Protein chains: 2
Amino acid sequence: MTRIRLLVAYVGTHYSGWQIQEKPAPPPTVQGFLEMALARISGLPLRAYASGRTDAGVHAHGQVVHCDVPEAKAGIDWRHSLNALLPDDIRIIQADRACPGFHARKSALHKTYSYQFWQESGFVPPHMAPYVWACGPLDSASMQSALHHLVGRHDFAGLRNSGTDVESSVRTVLHAELRPQPPCAGYPAHAPLLRLTITADGFLKQMVRNVAGLLVACGRGKMAPETIPGLLEKRNRQAFPSVTAPPQGLTLERVAYGDPEPFCQASA
Amino acid sequence: MTRIRLLVAYVGTHYSGWQIQEKPAPPPTVQGFLEMALARISGLPLRAYASGRTDAGVHAHGQVVHCDVPEAKAGIDWRHSLNALLPDDIRIIQADRACPGFHARKSALHKTYSYQFWQESGFVPPHMAPYVWACGPLDSASMQSALHHLVGRHDFAGLRNSGTDVESSVRTVLHAELRPQPPCAGYPAHAPLLRLTITADGFLKQMVRNVAGLLVACGRGKMAPETIPGLLEKRNRQAFPSVTAPPQGLTLERVAYGDPEPFCQASA
């Protein structure tokens with residue numbers, strides 16, 4: 001078998017997340033469609049391994065996946081072949097042979113997510129609605145202060161949702177920024193979009209959505225940013241009065257694997 | 001009756017254009033859904049008049065519509081009421097009483113459309129696919145030259161498709177520009193998106209899509225920009241070797257109505 005690596009983009013709106021669910025009537029998942037296409041091309045039940053799961057309704061611009069394919073099929077144009085079989089809202093951006101030992105999850109150095117806040121509650125333009133949380137006006141200065149308390153190495157147990165078997169909850173947020181952004185080509189510059197980008201060496205379950213909820217609580221004046229360090233110390237999700245932000249604002253932007261990035265040139 | 005004015009955004013993907021089609025099984029249209037909602041709110045068969053038709057698959061960020069509603073209903077929150085009844089991909093951005101004599105089409109001073117070219121043919125990210133023409137690599141300098149020949153007052157009969165009863169084909173293109181643009185928040189800056197914006201005192205049938213097709217023919221090196229003035233003089237669609245660009249790249253951005261813009265403050 002030869003390991004290939006895929007860079008995958010998807011609109012998560014119509015999927016129950018990345019991961020296949022073993023149920024009598026399995027809901028549509030990105031992994032499910034991808035493995036169906038891999039099986040059709042190879043004639044084998046191939047498994048696709050992602051850099052990490054994404055929740056139902058969460059999008060990806062740059063999910064990374066690896067898969068072991070038969071030698072005889074290693075040289076085909078996987079991008080073209082898979083795109084021909086996948087639904088329109090799942091696209092293979094790039095396909096390469098992986099470097100020896102490459103693993104989509106274990107080899108990852110860090111990941112970047114974005115979360116988009118729409119600062120009106122009454123109205124979201126139809127082009128934007130699938131990609132934002134419409135949470136009303138926000139005090140972005142307060143959100144910036146909150147964000148400063150999260151950058152660096154911390155125990156994020158209080159921003160992790162239950163239902164995971166990962167042991168350590170210590171992660172390092174390498175970079176985080178929040179800024180206003182015109183939402184798409186053509187929208188007026190005053191469009192009320194705030195965009196969080198956050199890079200860390202790893203994320204706990206629903207951590208970015210919990211960070212987004214925390215920022216909104218601060219932006220609405222319901223939490224004081226300076227309380228965050230004390231709350232983090234409690235290592236308890238219940239200590240935080242803020243909610244888990246809805247999934248549609250969240251996008252997995254990219255996964256970094258060290259030099260050369262993002263895809264090493266396999267010699268084979 | 002009192003005249004109201006609506007600013008309407010829609011994703012055109014799932015609609016057979018703006019205009020209602022009187023057929024035994026009418027296809028979904030934006031006007032059809034809007035008039036259905038207006039009728040449910042008012043109890044009357046109200047007619048909605050747009051600044052102009054948009055073709056099947058064409059989008060709008062700022063379509064303008066007027067409608068005469070019963071006095072007794074004039075004061076309700078039309079934005080909220082209509083949005084509650086409309087499909088998610090049609091949204092009322094703003095609703096106001098119109099100034100006396102206002103007419104969505106006749107009062108318009110000028111309109112602006114955008115057209116988005118995606119400079120790869122093999123792959124379009126799923127978030128962008130509904131909004132671009134994937135037409136492969138383009139020489140944007142040649143397209144710029146072509147565009148210069150279209151700005152100003154010209155007879156655009158050669159860039160109008162048949163099936164219209166409009167008499168004069170002379171229009172003034174007030175402004176046109178083409179520039180590279182990151183397609184959406186989060187996409188890499190090198191994303192191969194070129195975006196045309198064009199403003200004119202009026203547009204002929206499928207004129208912007210014919211302009212887009214002309215630009216692409218020049219951008220692919222299949223037409224020389226300097227031939228455009230001579231071709232325009234022939235006043236004949238058949239004189240142009242270029243195609244009508246597909247609808248999904250096109251968006252009606254805004255309609256201008258003079259000062260105060262875009263909505264005058266009705267005293268009533």
# chains A, B, ... in the order shown; residues from 1 in each chain; ligands from 1

$ select_by_dssp --residues "segment 5-252 of chain A" --states "alpha helix (DSSP H)" --output "PyMOL selection string"
chain A and resi 30-42+78-85+140-148+207-219+228-233

$ interface_residues --of "chain B" --to "chain A" --cutoff "10 Å" --atoms "only C-alpha atoms" --output "PyMOL selection string"
chain B and resi 8-12+59-62+79-80+83+87-94+113-116+122-131+181-188+193+195+197+251-254

$ write_last_selection --atoms "C-alpha atoms" --output "compact mmCIF listing (two decimals), in the first residue's frame"
# COMPACT_ATOMS: atom_id res chain seq x y z
CA VAL B 8 -33.64 42.47 -1.14
CA ALA B 9 -30.70 40.02 -1.18
CA TYR B 10 -30.90 36.56 -2.65
CA VAL B 11 -28.83 33.57 -3.61
CA GLY B 12 -30.14 32.86 -7.08
CA HIS B 59 -27.68 36.59 -7.34
CA ALA B 60 -28.49 39.93 -5.72
CA HIS B 61 -26.94 41.76 -2.81
CA GLY B 62 -29.10 44.82 -3.33
CA ARG B 79 -38.63 43.39 7.03
CA HIS B 80 -39.33 41.14 9.96
CA ASN B 83 -38.29 37.41 6.42
CA PRO B 87 -37.04 31.03 2.20
CA ASP B 88 -33.63 31.45 3.87
CA ASP B 89 -31.95 32.31 0.59
CA ILE B 90 -34.14 35.37 0.05
CA ARG B 91 -33.78 38.08 2.70
CA ILE B 92 -35.23 41.57 3.10
CA ILE B 93 -32.33 43.78 4.21
CA GLN B 94 -34.33 46.96 4.62
CA TYR B 113 -23.31 44.46 -11.14
CA SER B 114 -20.35 42.27 -10.26
CA TYR B 115 -19.08 39.23 -12.11
CA GLN B 116 -16.59 36.78 -10.60
CA GLY B 122 -10.18 21.90 -12.45
CA PHE B 123 -11.18 22.92 -8.98
CA VAL B 124 -13.42 25.45 -7.26
CA PRO B 125 -13.70 25.48 -3.46
CA PRO B 126 -17.19 24.40 -2.48
CA HIS B 127 -17.88 27.71 -0.73
CA MET B 128 -17.17 29.63 -3.94
CA ALA B 129 -18.62 27.35 -6.61
CA PRO B 130 -22.12 28.89 -6.58
CA TYR B 131 -20.68 32.38 -7.20
CA GLN B 181 -9.67 39.70 -4.92
CA PRO B 182 -9.45 37.15 -2.14
CA PRO B 183 -12.78 35.39 -2.54
CA CYS B 184 -13.93 35.25 1.06
CA ALA B 185 -12.56 35.70 4.52
CA GLY B 186 -10.11 32.90 5.15
CA TYR B 187 -9.05 32.04 1.63
CA PRO B 188 -5.38 32.42 0.80
CA LEU B 193 -10.46 35.24 -8.21
CA ARG B 195 -13.86 40.41 -9.96
CA THR B 197 -17.70 45.56 -11.17
CA THR B 251 -24.60 39.51 -8.80
CA LEU B 252 -26.76 42.64 -8.83
CA GLU B 253 -24.86 44.69 -6.27
CA ARG B 254 -26.86 47.90 -5.93

$ closest_residue --among "B:His110, B:Arg5, B:Arg97, B:Arg47" --to "Tyr257 of chain B" --atoms "only C-alpha atoms"
B:His110

$ atom_distance --atom1 "atom CA of Ala157 of chain B" --atom2 "atom CA of Pro137 of chain B"
28.6 Å

$ select_by_dssp --residues "segment 88-209 of chain A" --states "strand (DSSP E or B)" --output "PyMOL selection string"
chain A and resi 90-97+110-118+133-134+152-155+170-180+184+193-200

$ residues_around --residues "Gly158 of chain A" --least-positions-apart "3" --cutoff "8 Å" --atoms "only C-alpha atoms" --output "ChimeraX atom specification"
/A:155,231-232,234-240

$ write_last_selection --atoms "C-alpha atoms" --output "PDB file, in the first residue's frame"
ATOM      1  CA  ASP A 155      -4.939  24.184  31.030  1.00  0.00           C
ATOM      2  CA  LEU A 231     -12.083  30.648  35.813  1.00  0.00           C
ATOM      3  CA  LEU A 232      -9.499  28.686  33.815  1.00  0.00           C
ATOM      4  CA  LYS A 234     -11.029  25.906  38.161  1.00  0.00           C
ATOM      5  CA  ARG A 235     -10.583  23.430  35.283  1.00  0.00           C
ATOM      6  CA  ASN A 236     -14.347  22.975  35.071  1.00  0.00           C
ATOM      7  CA  ARG A 237     -16.662  23.716  32.162  1.00  0.00           C
ATOM      8  CA  GLN A 238     -19.458  24.575  34.608  1.00  0.00           C
ATOM      9  CA  ALA A 239     -17.377  27.420  36.060  1.00  0.00           C
ATOM     10  CA  PHE A 240     -17.875  29.377  32.837  1.00  0.00           C
TER      11      PHE A 240
END

$ closest_residue --among "B:Glu233, B:Asp201, B:Glu226, B:Asp77" --to "Gly258 of chain B" --atoms "only C-alpha atoms"
B:Asp201

$ residues_around --residues "Ala50 of chain A" --least-positions-apart "4" --cutoff "6 Å" --atoms "only C-alpha atoms" --output "list in words"
Val64, Val65 and Ala104 of chain A
